[in-house]
$ cat entry21.tsv   # TSV, C-alpha atoms
chain	number	residue	atom	x	y	z
Z	169	MET	CA	92.33	-115.29	-26.60
Z	170	THR	CA	92.13	-112.26	-28.89
Z	171	GLU	CA	91.44	-113.18	-32.50
Z	172	LEU	CA	94.62	-113.23	-34.52
Z	173	GLY	CA	95.20	-110.68	-37.26
Z	174	ASP	CA	95.08	-111.46	-40.97
Z	175	GLY	CA	98.83	-111.60	-41.41
Z	176	THR	CA	99.28	-113.99	-38.50
Z	177	ARG	CA	96.46	-116.22	-39.66
Z	178	CYS	CA	97.90	-116.40	-43.19
Z	179	VAL	CA	101.37	-117.32	-41.94
Z	180	ARG	CA	100.06	-120.00	-39.55
Z	181	ALA	CA	97.11	-121.41	-41.51
Z	182	GLY	CA	97.16	-125.17	-41.94
Z	183	LEU	CA	100.62	-125.77	-40.45
Z	184	PRO	CA	101.14	-128.98	-38.43
Z	185	GLU	CA	102.07	-128.83	-34.77
Z	186	PRO	CA	105.76	-127.92	-34.47
Z	187	ALA	CA	108.21	-130.66	-33.61
Z	188	PRO	CA	112.01	-130.42	-33.28
Z	189	GLY	CA	113.69	-131.24	-36.56
Z	190	ASP	CA	110.55	-130.84	-38.67
Z	191	PRO	CA	110.09	-128.05	-41.26
Z	192	PHE	CA	107.46	-125.38	-40.77
Z	193	LEU	CA	105.60	-126.58	-43.88
Z	194	PRO	CA	106.37	-130.19	-44.85
Z	195	GLY	CA	107.45	-130.72	-48.44
Z	196	PRO	CA	105.06	-132.17	-51.01
Z	197	VAL	CA	104.22	-135.86	-50.77
Z	198	PHE	CA	104.40	-137.44	-54.22
Z	199	ALA	CA	102.57	-140.76	-54.16
Z	200	ALA	CA	99.96	-142.69	-56.08
Z	201	PRO	CA	99.83	-145.87	-53.93
Z	202	TYR	CA	100.65	-146.03	-50.22
Z	203	HIS	CA	101.48	-148.99	-48.00
Z	204	LEU	CA	98.23	-150.53	-46.76
Z	205	ASP	CA	97.64	-152.41	-43.53
Z	206	PRO	CA	97.50	-156.10	-44.54
Z	207	TRP	CA	94.45	-156.68	-42.36
Z	208	GLN	CA	92.49	-153.40	-42.36
Z	209	GLY	CA	93.32	-152.23	-45.88
Z	210	PRO	CA	92.50	-148.54	-46.53
Z	211	ALA	CA	90.59	-148.31	-43.23
Z	212	GLY	CA	93.87	-148.57	-41.34
Z	213	SER	CA	95.36	-145.29	-42.57
Z	214	PRO	CA	94.27	-141.86	-43.81
Z	215	ASN	CA	96.15	-142.57	-47.03
Z	216	GLY	CA	95.07	-145.39	-49.30
Z	217	TYR	CA	95.42	-144.03	-52.83
Z	218	GLY	CA	96.65	-140.73	-54.24
Z	219	ARG	CA	93.46	-139.58	-55.95
Z	220	PRO	CA	91.31	-139.28	-52.82
Z	221	ASP	CA	94.16	-139.13	-50.30
Z	222	ASN	CA	97.17	-136.82	-50.06
Z	223	PRO	CA	98.61	-135.24	-46.89
Z	224	THR	CA	99.94	-132.18	-48.74
Z	225	ARG	CA	96.48	-131.50	-50.14
Z	226	ARG	CA	94.89	-131.94	-46.73
Z	227	LEU	CA	97.20	-129.35	-45.18
Z	228	LEU	CA	96.22	-126.86	-47.88
Z	229	GLU	CA	92.54	-127.61	-47.32
Z	230	SER	CA	93.00	-127.02	-43.62
Z	231	ALA	CA	94.67	-123.66	-44.34
Z	232	VAL	CA	92.03	-122.38	-46.78
Z	233	GLY	CA	89.29	-123.71	-44.54
Z	234	GLU	CA	90.67	-121.72	-41.61
Z	235	LEU	CA	90.64	-118.54	-43.67
Z	236	GLU	CA	87.15	-119.10	-45.14
Z	237	GLY	CA	85.65	-120.36	-41.88
Z	238	GLY	CA	84.46	-123.74	-43.15
Z	239	ASP	CA	85.50	-127.18	-44.32
Z	240	CYS	CA	87.39	-127.00	-47.62
Z	241	ARG	CA	88.06	-129.18	-50.64
Z	242	VAL	CA	90.57	-128.10	-53.27
Z	243	PHE	CA	90.30	-128.82	-56.98
Z	244	ALA	CA	92.62	-128.79	-59.97
Z	245	THR	CA	91.27	-125.39	-61.14
Z	246	GLY	CA	88.64	-122.84	-60.20
Z	247	GLN	CA	86.51	-123.99	-63.13
Z	248	ALA	CA	86.75	-127.58	-61.88
Z	249	ALA	CA	85.52	-126.43	-58.47
Z	250	ILE	CA	82.57	-124.48	-59.90
Z	251	THR	CA	81.48	-127.12	-62.41
Z	252	GLY	CA	81.94	-129.82	-59.78
Z	253	MET	CA	79.64	-127.90	-57.43
Z	254	LEU	CA	77.04	-127.42	-60.17
Z	255	PHE	CA	77.10	-131.08	-61.19
Z	256	THR	CA	76.93	-132.17	-57.55
Z	257	LEU	CA	73.91	-130.06	-56.66
Z	258	LEU	CA	71.84	-129.88	-59.85
Z	259	ARG	CA	69.62	-132.49	-61.47
Z	260	PRO	CA	67.38	-132.39	-64.55
Z	261	GLY	CA	64.40	-130.17	-63.77
Z	262	ASP	CA	66.28	-128.02	-61.26
Z	263	THR	CA	66.63	-124.26	-61.68
Z	264	VAL	CA	69.89	-122.41	-61.12
Z	265	LEU	CA	70.48	-118.64	-61.10
Z	266	LEU	CA	73.86	-117.56	-62.45
Z	267	PRO	CA	75.41	-114.10	-62.81
Z	268	SER	CA	75.02	-112.63	-66.29
Z	269	ASP	CA	78.04	-110.39	-65.65
Z	270	GLY	CA	80.31	-112.93	-63.97
Z	271	TYR	CA	83.04	-115.23	-65.21
Z	272	PHE	CA	82.26	-116.01	-68.86
Z	273	PRO	CA	83.29	-119.73	-68.90
Z	274	VAL	CA	80.68	-120.45	-66.22
Z	275	ARG	CA	77.94	-119.06	-68.46
Z	276	ALA	CA	79.35	-120.97	-71.42
Z	277	PHE	CA	79.32	-124.20	-69.38
Z	278	ALA	CA	75.73	-123.57	-68.31
Z	279	THR	CA	74.42	-123.15	-71.85
Z	280	ALA	CA	76.60	-125.86	-73.43
Z	281	VAL	CA	76.15	-128.51	-70.74
Z	282	LEU	CA	73.62	-127.79	-67.99
Z	283	GLU	CA	70.78	-126.78	-70.30
Z	284	THR	CA	71.34	-129.83	-72.49
Z	285	ILE	CA	70.78	-132.17	-69.53
Z	286	GLY	CA	67.54	-130.47	-68.48
Z	287	VAL	CA	68.70	-127.89	-65.94
Z	288	ARG	CA	66.87	-124.57	-66.24
Z	289	VAL	CA	69.41	-121.75	-66.25
Z	290	VAL	CA	68.45	-118.16	-65.42
Z	291	PHE	CA	71.01	-115.38	-65.85
Z	292	VAL	CA	70.70	-112.39	-63.53
Z	293	PRO	CA	72.93	-109.30	-63.18
Z	294	THR	CA	74.90	-109.26	-59.93
Z	295	VAL	CA	72.98	-106.23	-58.64
Z	296	GLY	CA	69.63	-107.65	-59.83
Z	297	PRO	CA	66.76	-107.30	-60.06
Z	298	TYR	CA	66.36	-110.90	-58.92
Z	299	PRO	CA	63.23	-112.84	-59.88
Z	300	SER	CA	61.22	-114.94	-57.43
Z	301	LEU	CA	63.45	-117.64	-55.97
Z	302	GLU	CA	60.57	-120.07	-55.37
Z	303	GLY	CA	61.48	-123.41	-56.90
Z	304	VAL	CA	65.13	-122.45	-57.39
Z	305	ARG	CA	67.66	-125.05	-56.28
Z	306	LEU	CA	70.82	-122.91	-56.33
Z	307	VAL	CA	71.79	-119.25	-56.60
Z	308	LEU	CA	75.41	-118.54	-57.57
Z	309	VAL	CA	76.76	-115.01	-57.32
Z	310	GLU	CA	80.22	-113.62	-57.92
Z	311	THR	CA	80.91	-110.57	-55.77
Z	312	PRO	CA	82.72	-108.39	-56.64
Z	313	ALA	CA	81.76	-109.55	-60.12
Z	314	ASN	CA	84.44	-110.31	-62.66
Z	315	PRO	CA	85.07	-108.23	-64.68
Z	316	GLY	CA	82.56	-105.42	-63.99
Z	317	LEU	CA	83.10	-105.31	-60.20
Z	318	ASP	CA	79.47	-104.93	-59.15
Z	319	VAL	CA	78.71	-106.07	-55.59
Z	320	VAL	CA	75.65	-107.79	-54.12
Z	321	ASP	CA	74.49	-107.80	-50.49
Z	322	VAL	CA	75.28	-111.42	-49.60
Z	323	ALA	CA	73.44	-111.46	-46.26
Z	324	ALA	CA	70.23	-110.09	-47.79
Z	325	LEU	CA	70.38	-112.49	-50.73
Z	326	ALA	CA	71.12	-115.44	-48.41
Z	327	GLU	CA	68.04	-114.63	-46.33
Z	328	ARG	CA	65.88	-114.42	-49.43
Z	329	ALA	CA	67.30	-117.64	-50.91
Z	330	HIS	CA	66.82	-119.63	-47.72
Z	331	ALA	CA	63.26	-118.36	-47.31
Z	332	ALA	CA	62.54	-119.85	-50.74
Z	333	GLY	CA	64.36	-123.12	-49.99
Z	334	ALA	CA	67.33	-122.36	-52.25
Z	335	LEU	CA	71.04	-122.70	-51.59
Z	336	LEU	CA	73.36	-119.71	-52.01
Z	337	ALA	CA	76.90	-120.12	-53.33
Z	338	VAL	CA	79.33	-117.20	-53.53
Z	339	ASP	CA	82.30	-117.02	-55.86
Z	340	ASN	CA	84.90	-115.36	-53.64
Z	341	THR	CA	87.72	-115.23	-56.19
Z	342	THR	CA	88.03	-111.46	-56.49
Z	343	ALA	CA	87.64	-110.68	-52.79
Z	344	THR	CA	89.58	-113.64	-51.29
Z	345	PRO	CA	88.76	-114.78	-47.74
Z	346	LEU	CA	90.62	-111.76	-46.37
Z	347	GLY	CA	88.30	-109.45	-48.27
Z	348	GLN	CA	85.09	-111.13	-47.13
Z	349	ARG	CA	83.88	-114.39	-45.61
Z	350	PRO	CA	80.61	-115.31	-47.34
Z	351	LEU	CA	79.90	-118.18	-44.93
Z	352	ASP	CA	79.75	-115.63	-42.10
Z	353	LEU	CA	77.22	-113.67	-44.18
Z	354	GLY	CA	74.89	-116.65	-44.58
Z	355	ALA	CA	76.09	-118.31	-47.78
Z	356	ASP	CA	75.89	-122.10	-47.90
Z	357	LEU	CA	78.97	-122.55	-50.06
Z	358	VAL	CA	82.02	-120.60	-51.12
Z	359	VAL	CA	83.70	-121.43	-54.40
Z	360	ALA	CA	86.76	-119.73	-55.86
Z	361	SER	CA	89.73	-119.85	-58.14
Z	362	GLY	CA	92.90	-120.09	-56.08
Z	363	THR	CA	94.82	-119.34	-59.27
Z	364	LYS	CA	94.24	-115.64	-58.73
Z	365	ALA	CA	95.06	-113.49	-55.68
Z	366	LEU	CA	94.85	-116.34	-53.17
Z	367	THR	CA	98.12	-117.87	-54.36
Z	368	GLY	CA	99.19	-114.75	-56.24
Z	369	HIS	CA	102.39	-115.82	-57.97
Z	370	SER	CA	100.95	-116.71	-61.38
Z	371	ASP	CA	102.40	-120.20	-61.19
Z	372	VAL	CA	99.54	-122.41	-59.93
Z	373	LEU	CA	96.15	-123.49	-61.25
Z	374	LEU	CA	93.87	-124.21	-58.30
Z	375	GLY	CA	90.25	-124.10	-57.19
Z	376	TYR	CA	88.42	-124.72	-53.95
Z	377	LEU	CA	85.02	-125.03	-52.35
Z	378	ALA	CA	84.19	-124.45	-48.69
Z	379	SER	CA	81.07	-124.99	-46.60
Z	380	ARG	CA	79.90	-125.51	-43.04
Z	381	SER	CA	77.49	-128.22	-44.14
Z	382	ALA	CA	78.88	-131.72	-43.66
Z	383	ASP	CA	76.36	-133.07	-46.18
Z	384	LEU	CA	77.42	-130.63	-48.89
Z	385	ILE	CA	81.11	-131.30	-48.28
Z	386	GLU	CA	80.52	-135.06	-48.39
Z	387	ALA	CA	78.69	-134.76	-51.72
Z	388	VAL	CA	81.36	-132.54	-53.24
Z	389	THR	CA	84.12	-134.84	-51.99
Z	390	LEU	CA	82.43	-137.82	-53.65
Z	391	TRP	CA	82.19	-135.90	-56.92
Z	392	ARG	CA	85.87	-134.92	-56.79
Z	393	THR	CA	86.97	-138.45	-55.97
Z	394	THR	CA	84.97	-140.09	-58.73
Z	395	THR	CA	85.91	-137.53	-61.38
Z	396	GLY	CA	89.52	-137.16	-60.28
Z	397	ALA	CA	89.50	-133.34	-60.37
Z	398	VAL	CA	92.30	-133.02	-57.82
Z	399	PRO	CA	95.38	-130.77	-57.86
Z	400	GLY	CA	98.83	-132.34	-57.82
Z	401	ALA	CA	100.88	-132.43	-54.66
Z	402	PHE	CA	103.41	-129.87	-55.84
Z	403	ASP	CA	100.68	-127.40	-56.84
Z	404	ALA	CA	99.06	-127.87	-53.44
Z	405	TRP	CA	102.38	-127.24	-51.71
Z	406	LEU	CA	103.09	-124.13	-53.81
Z	407	ALA	CA	99.64	-122.78	-53.00
Z	408	HIS	CA	100.08	-123.34	-49.27
Z	409	ARG	CA	103.50	-121.69	-49.32
Z	410	SER	CA	102.03	-118.68	-51.14
Z	411	LEU	CA	99.21	-118.21	-48.62
Z	412	ALA	CA	101.69	-116.93	-46.04
Z	413	THR	CA	102.13	-113.64	-47.90
Z	414	LEU	CA	98.48	-113.11	-48.84
Z	415	ASP	CA	97.93	-110.31	-46.33
Z	416	LEU	CA	101.05	-108.46	-47.45
Z	417	ARG	CA	100.29	-108.86	-51.15
Z	418	LEU	CA	96.68	-107.74	-50.84
Z	419	ALA	CA	97.65	-104.66	-48.84
Z	420	ARG	CA	99.96	-103.39	-51.59
Z	421	GLN	CA	97.61	-104.42	-54.41
Z	422	SER	CA	94.68	-102.62	-52.80
Z	423	ALA	CA	96.75	-99.49	-52.18
Z	424	ASN	CA	97.89	-99.54	-55.79
Z	425	ALA	CA	94.32	-99.97	-57.04
Z	426	ALA	CA	93.15	-97.00	-54.97
Z	427	ALA	CA	95.89	-94.77	-56.38
Z	428	VAL	CA	95.40	-95.93	-59.97
Z	429	ALA	CA	91.61	-95.49	-59.71
Z	430	ASP	CA	92.13	-91.92	-58.52
Z	431	LEU	CA	94.47	-91.27	-61.44
Z	432	LEU	CA	92.09	-92.73	-64.02
Z	433	ALA	CA	89.03	-90.99	-62.60
Z	434	GLY	CA	90.77	-87.66	-63.03
Z	435	ARG	CA	91.60	-88.16	-66.70
Z	436	PRO	CA	89.10	-86.99	-69.36
Z	437	ASP	CA	90.43	-89.61	-71.81
Z	438	VAL	CA	89.35	-92.52	-69.56
Z	439	THR	CA	85.73	-93.47	-68.90
Z	440	GLY	CA	83.80	-96.01	-66.85
Z	441	VAL	CA	86.29	-96.32	-63.99
Z	442	ARG	CA	85.09	-98.96	-61.51
Z	443	TRP	CA	86.65	-99.86	-58.17
Z	444	PRO	CA	84.43	-100.71	-55.18
Z	445	GLY	CA	86.69	-98.79	-52.80
Z	446	ARG	CA	85.95	-95.38	-54.34
Z	447	PRO	CA	83.17	-93.47	-52.52
Z	448	ASP	CA	81.63	-92.48	-55.88
Z	449	ASP	CA	81.51	-96.07	-57.16
Z	450	PRO	CA	78.00	-97.61	-57.44
Z	451	ALA	CA	79.16	-100.61	-55.39
Z	452	TYR	CA	80.78	-98.59	-52.60
Z	453	ALA	CA	77.89	-98.57	-50.10
Z	454	VAL	CA	77.41	-102.33	-50.10
Z	455	ALA	CA	81.11	-103.14	-50.50
Z	456	SER	CA	82.24	-100.91	-47.64
Z	457	ALA	CA	79.67	-102.49	-45.31
Z	458	GLN	CA	80.27	-106.07	-46.39
Z	459	MET	CA	83.95	-106.31	-47.26
Z	460	ARG	CA	86.94	-106.13	-44.93
Z	461	ARG	CA	89.27	-104.90	-47.67
Z	462	MET	CA	89.01	-103.99	-51.33
Z	463	PRO	CA	90.59	-106.00	-54.17
Z	464	GLY	CA	93.52	-104.93	-56.29
Z	465	VAL	CA	91.42	-105.17	-59.45
Z	466	LEU	CA	89.74	-102.26	-61.23
Z	467	SER	CA	88.21	-101.66	-64.64
Z	468	PHE	CA	87.87	-98.81	-67.11
Z	469	ASP	CA	87.31	-98.05	-70.81
Z	470	LEU	CA	89.84	-96.61	-73.25
Z	471	GLY	CA	87.40	-96.28	-76.14
Z	472	ASP	CA	88.58	-98.93	-78.58
Z	473	ALA	CA	90.82	-101.97	-78.91
Z	474	ASP	CA	93.62	-100.14	-80.72
Z	475	ARG	CA	94.02	-97.64	-77.90
Z	476	VAL	CA	94.19	-100.45	-75.36
Z	477	SER	CA	96.99	-102.05	-77.39
Z	478	ARG	CA	98.89	-98.77	-77.64
Z	479	PHE	CA	98.52	-98.20	-73.89
Z	480	VAL	CA	99.84	-101.63	-72.90
Z	481	GLU	CA	102.65	-101.47	-75.44
Z	482	ALA	CA	103.75	-98.10	-74.05
Z	483	ALA	CA	103.66	-99.21	-70.41
Z	484	ARG	CA	106.81	-100.58	-68.79
Z	485	LEU	CA	105.08	-101.96	-65.67
Z	486	VAL	CA	101.82	-103.26	-67.18
Z	487	ALA	CA	101.86	-106.61	-68.98
Z	488	ALA	CA	99.22	-107.88	-71.37
Z	489	ALA	CA	97.92	-111.05	-69.73
Z	490	THR	CA	94.72	-112.66	-68.58
Z	491	SER	CA	94.01	-113.79	-64.99
Z	492	PHE	CA	94.48	-111.38	-62.07
Z	493	GLY	CA	95.74	-111.08	-58.52
Z	494	GLY	CA	99.41	-111.73	-59.28
Z	495	LEU	CA	102.57	-109.92	-58.26
Z	496	HIS	CA	102.84	-108.16	-61.62
Z	497	THR	CA	100.38	-105.54	-62.84
Z	498	THR	CA	98.46	-106.83	-65.87
Z	499	ALA	CA	95.87	-105.47	-68.27
Z	500	ASP	CA	93.30	-107.66	-69.95
Z	501	ARG	CA	90.94	-106.54	-72.72
Z	502	ARG	CA	88.08	-108.83	-71.80
Z	503	ALA	CA	86.19	-108.66	-75.10
Z	504	GLN	CA	88.92	-110.76	-76.71
Z	505	TRP	CA	87.94	-113.67	-74.44
Z	506	GLY	CA	84.21	-113.53	-75.16
Z	507	ASP	CA	83.01	-111.32	-72.30
Z	508	ASP	CA	80.09	-109.07	-73.14
Z	509	THR	CA	82.13	-105.90	-72.72
Z	510	ALA	CA	82.93	-102.89	-74.90
Z	511	PRO	CA	85.95	-103.19	-77.23
Z	512	GLY	CA	87.97	-100.76	-75.12
Z	513	PHE	CA	87.05	-102.23	-71.74
Z	514	VAL	CA	90.11	-103.06	-69.62
Z	515	ARG	CA	90.40	-105.10	-66.44
Z	516	LEU	CA	93.54	-103.95	-64.66
Z	517	SER	CA	95.04	-106.15	-61.96
Z	518	CYS	CA	97.43	-104.16	-59.79
Z	519	GLY	CA	100.55	-105.99	-58.68
Z	520	VAL	CA	102.89	-105.20	-55.82
Z	521	GLU	CA	105.10	-102.64	-57.56
Z	522	ASP	CA	105.79	-99.38	-55.73
Z	523	THR	CA	102.67	-97.26	-55.93
Z	524	ALA	CA	104.40	-94.11	-57.19
Z	525	ASP	CA	106.17	-96.07	-59.94
Z	526	LEU	CA	102.98	-97.74	-61.11
Z	527	VAL	CA	100.92	-94.54	-61.17
Z	528	ALA	CA	103.63	-92.67	-63.07
Z	529	ASP	CA	103.99	-95.48	-65.60
Z	530	ILE	CA	100.26	-95.74	-66.28
Z	531	ALA	CA	99.94	-91.98	-66.68
Z	532	ALA	CA	102.84	-91.87	-69.12
Z	533	ALA	CA	101.50	-94.85	-71.08
Z	534	LEU	CA	98.10	-93.20	-71.45
Z	535	ASP	CA	99.75	-90.02	-72.68
Z	536	THR	CA	101.76	-92.00	-75.21
Z	537	ALA	CA	98.73	-93.99	-76.37
Z	538	GLY	CA	97.01	-90.80	-77.42
Z	539	PRO	CA	93.28	-90.44	-78.13
Z	540	VAL	CA	90.86	-93.01	-79.50
Z	541	SER	CA	91.72	-93.97	-83.08
Z	542	GLY	CA	90.32	-91.53	-85.61
Z	543	VAL	CA	89.63	-88.81	-83.04
$ encode --input "entry21.tsv" --output "structure tokens"
Amino acid sequence: MTELGDGTRCVRAGLPEPAPGDPFLPGPVFAAPYHLDPWQGPAGSPNGYGRPDNPTRRLLESAVGELEGGDCRVFATGQAAITGMLFTLLRPGDTVLLPSDGYFPVRAFATAVLETIGVRVVFVPTVGPYPSLEGVRLVLVETPANPGLDVVDVAALAERAHAAGALLAVDNTTATPLGQRPLDLGADLVVASGTKALTGHSDVLLGYLASRSADLIEAVTLWRTTTGAVPGAFDAWLAHRSLATLDLRLARQSANAAAVADLLAGRPDVTGVRWPGRPDDPAYAVASAQMRRMPGVLSFDLGDADRVSRFVEAARLVAAATSFGGLHTTADRRAQWGDDTAPGFVRLSCGVEDTADLVADIAAALDTAGPVSGV
């Protein structure tokens, strides 16, 4: 059978076999205890207690696992998934490589927690140069990196990591499994925030981890069960419902990002435009070879914080908000959250508005914002 397209896979992912009278996607199952078999106890049913067992959560895991190409476990948040992976795999004396230009809370967790329990943490830019990986337990990369959007060659890094006996984990938040499938490229684990483009409606906190290694999945599952870092049934149901439109949402977001990047690149009052889909972007060569589609996120610099504020205030279709990948276009000045970025650095997440409307609004807002303060 010919492989199904992205839209079809998103609509069908994780759905149970159809039966007359049943809904396409069953509603959320709200339960803490379940009826147990009087003789077999929890061994007699897949559901024994709500923390480790929930049918709504399992359907979502099946759906995300289909899209990522591995076995999946979902978590309460993306940060819960990443920290759970790190705690599962790392022990005192281990060395972990983390991106110096990736998601700031991961770096903060590494210095505040991992280093204090004896884990050696090495920070490396997404594009390198990478040190020797001999003696390294885990390499975590985020590609495209958030917020700078650099891209690393996953297949090449996986080969190098495995030759040194290290595991490679890829944060796939920005790309989503429709943008790239790191497990196909040789990664051992995929970790991501489902809060962002995967669910895309700005109403769910969610994280997940996927792998083709039964041992890694078993270890992560044990960690999640014992720590209780599970999403609620309604959040899991909302996330699964939202997956059906992922292909449609990404198509519009990517088209909007391409048009906005072209606009910004042509303006002398905007610098540092980054979007991996532009042929003149430093990440383009690797991204175009590795990724199946480009994200709806781009970045640029408006010179100072005041100009960013004036730009967002003047825009009708751009909201000031953190996170990305939602239906609404948002701008986030990352320095205010602790990222090591310039004061005027902006991460723009394109929503699903009409492209012409969004481009016109951003152009008008930049005109209204005027030059950098004092210029």
$ residues_around --input "entry21.tsv" --residues "Tyr271 of chain Z" --least-positions-apart "3" --cutoff "9 Å" --atoms "only C-alpha atoms" --output "MDAnalysis selection string"
chainID Z and resid 267:268 274:275 310 313:315 507
$ write_last_selection --input "entry21.tsv" --atoms "C-alpha atoms" --output "mmCIF file, in the coordinates of the input"
data_model
loop_
_atom_site.group_PDB
_atom_site.id
_atom_site.type_symbol
_atom_site.label_atom_id
_atom_site.label_comp_id
_atom_site.auth_asym_id
_atom_site.auth_seq_id
_atom_site.Cartn_x
_atom_site.Cartn_y
_atom_site.Cartn_z
ATOM 1 C CA PRO Z 267 75.410 -114.100 -62.810
ATOM 2 C CA SER Z 268 75.020 -112.630 -66.290
ATOM 3 C CA VAL Z 274 80.680 -120.450 -66.220
ATOM 4 C CA ARG Z 275 77.940 -119.060 -68.460
ATOM 5 C CA GLU Z 310 80.220 -113.620 -57.920
ATOM 6 C CA ALA Z 313 81.760 -109.550 -60.120
ATOM 7 C CA ASN Z 314 84.440 -110.310 -62.660
ATOM 8 C CA PRO Z 315 85.070 -108.230 -64.680
ATOM 9 C CA ASP Z 507 83.010 -111.320 -72.300
#
$ closest_residue --input "entry21.tsv" --among "Z:Gly270, Z:Thr389, Z:Val476, Z:Ile285" --to "Asn340 of chain Z" --atoms "all atoms listed in the file"
Z:Gly270
$ residues_around --input "entry21.tsv" --residues "Met253 of chain Z" --least-positions-apart "3" --cutoff "10 Å" --atoms "all atoms listed in the file" --output "mmCIF file with C-alpha atoms, in the coordinates of the input"
data_model
loop_
_atom_site.group_PDB
_atom_site.id
_atom_site.type_symbol
_atom_site.label_atom_id
_atom_site.label_comp_id
_atom_site.auth_asym_id
_atom_site.auth_seq_id
_atom_site.Cartn_x
_atom_site.Cartn_y
_atom_site.Cartn_z
ATOM 1 C CA GLN Z 247 86.510 -123.990 -63.130
ATOM 2 C CA ALA Z 248 86.750 -127.580 -61.880
ATOM 3 C CA ALA Z 249 85.520 -126.430 -58.470
ATOM 4 C CA ILE Z 250 82.570 -124.480 -59.900
ATOM 5 C CA THR Z 256 76.930 -132.170 -57.550
ATOM 6 C CA LEU Z 257 73.910 -130.060 -56.660
ATOM 7 C CA LEU Z 258 71.840 -129.880 -59.850
ATOM 8 C CA ALA Z 337 76.900 -120.120 -53.330
ATOM 9 C CA LEU Z 357 78.970 -122.550 -50.060
ATOM 10 C CA VAL Z 358 82.020 -120.600 -51.120
ATOM 11 C CA VAL Z 359 83.700 -121.430 -54.400
ATOM 12 C CA TYR Z 376 88.420 -124.720 -53.950
ATOM 13 C CA LEU Z 377 85.020 -125.030 -52.350
ATOM 14 C CA LEU Z 384 77.420 -130.630 -48.890
ATOM 15 C CA ILE Z 385 81.110 -131.300 -48.280
ATOM 16 C CA ALA Z 387 78.690 -134.760 -51.720
ATOM 17 C CA VAL Z 388 81.360 -132.540 -53.240
ATOM 18 C CA THR Z 389 84.120 -134.840 -51.990
ATOM 19 C CA TRP Z 391 82.190 -135.900 -56.920
ATOM 20 C CA ARG Z 392 85.870 -134.920 -56.790
#
$ atom_distance --input "entry21.tsv" --atom1 "atom CA of Ala323 of chain Z" --atom2 "atom CA of Gly354 of chain Z"
5.6 Å
$ residues_around --input "entry21.tsv" --residues "segment 181-183 of chain Z" --least-positions-apart "4" --cutoff "6 Å" --atoms "only C-alpha atoms" --output "count of residues only"
4
$ atom_distance --input "entry21.tsv" --atom1 "atom CA of Ser213 of chain Z" --atom2 "atom CA of Thr393 of chain Z"
17.2 Å
$ closest_residue --input "entry21.tsv" --among "Z:Ala360, Z:Leu254, Z:Ala200, Z:Val322" --to "Glu283 of chain Z" --atoms "all atoms listed in the file"
Z:Leu254
$ residues_around --input "entry21.tsv" --residues "Leu265 of chain Z" --least-positions-apart "6" --cutoff "6 Å" --atoms "only C-alpha atoms" --output "list in words"
Val290, Phe291 and Val307 of chain Z
$ atom_distance --input "entry21.tsv" --atom1 "atom CA of Gly347 of chain Z" --atom2 "atom CA of Glu185 of chain Z"
27.3 Å
$ residues_around --input "entry21.tsv" --residues "Gly175 of chain Z" --least-positions-apart "3" --cutoff "8 Å" --atoms "all atoms listed in the file" --output "NGL selection string"
:Z and (178-179 or 412-416)
$ closest_residue --input "entry21.tsv" --among "Z:Tyr202, Z:Phe402, Z:Phe255, Z:Tyr298" --to "Arg225 of chain Z" --atoms "all atoms listed in the file"
Z:Phe402
$ closest_residue --input "entry21.tsv" --among "Z:Arg409, Z:Arg259, Z:Arg501, Z:His496" --to "Phe479 of chain Z" --atoms "all atoms listed in the file"
Z:Arg501
$ closest_residue --input "entry21.tsv" --among "Z:Gly362, Z:Gly440, Z:Gly512, Z:Gly189" --to "Gly493 of chain Z" --atoms "all atoms listed in the file"
Z:Gly362
$ closest_residue --input "entry21.tsv" --among "Z:Cys518, Z:Pro539, Z:Ser422, Z:Glu386" --to "Pro436 of chain Z" --atoms "all atoms listed in the file"
Z:Pro539
$ residues_near_point --input "entry21.tsv" --point "(60.4, -113.2, -58.4)" --cutoff "12 Å" --atoms "all atoms listed in the file" --output "list in words"
Leu265, Val290, Val292, Gly296, Pro297, Tyr298, Pro299, Ser300, Leu301, Glu302, Gly303, Val304, Arg328, Ala329 and Ala332 of chain Z
$ decode --input "entry21.tsv" --residues "segment 405-421 of chain Z" --atoms "C-alpha atoms" --output "mmCIF file, in the first residue's frame"
data_model
loop_
_atom_site.group_PDB
_atom_site.id
_atom_site.type_symbol
_atom_site.label_atom_id
_atom_site.label_comp_id
_atom_site.auth_asym_id
_atom_site.auth_seq_id
_atom_site.Cartn_x
_atom_site.Cartn_y
_atom_site.Cartn_z
ATOM 1 C CA TRP Z 405 -8.136 14.241 24.604
ATOM 2 C CA LEU Z 406 -7.766 17.885 23.540
ATOM 3 C CA ALA Z 407 -4.276 17.165 22.218
ATOM 4 C CA HIS Z 408 -5.456 14.155 20.207
ATOM 5 C CA ARG Z 409 -8.355 16.131 18.761
ATOM 6 C CA SER Z 410 -5.964 18.908 17.737
ATOM 7 C CA LEU Z 411 -3.575 16.544 15.940
ATOM 8 C CA ALA Z 412 -6.099 16.072 13.141
ATOM 9 C CA THR Z 413 -5.464 19.587 11.800
ATOM 10 C CA LEU Z 414 -1.678 19.603 12.252
ATOM 11 C CA ASP Z 415 -0.945 19.275 8.535
ATOM 12 C CA LEU Z 416 -3.334 22.093 7.633
ATOM 13 C CA ARG Z 417 -2.072 24.398 10.374
ATOM 14 C CA LEU Z 418 1.597 23.866 9.558
ATOM 15 C CA ALA Z 419 1.026 24.504 5.865
ATOM 16 C CA ARG Z 420 -0.447 27.963 6.510
ATOM 17 C CA GLN Z 421 2.051 28.800 9.271
#
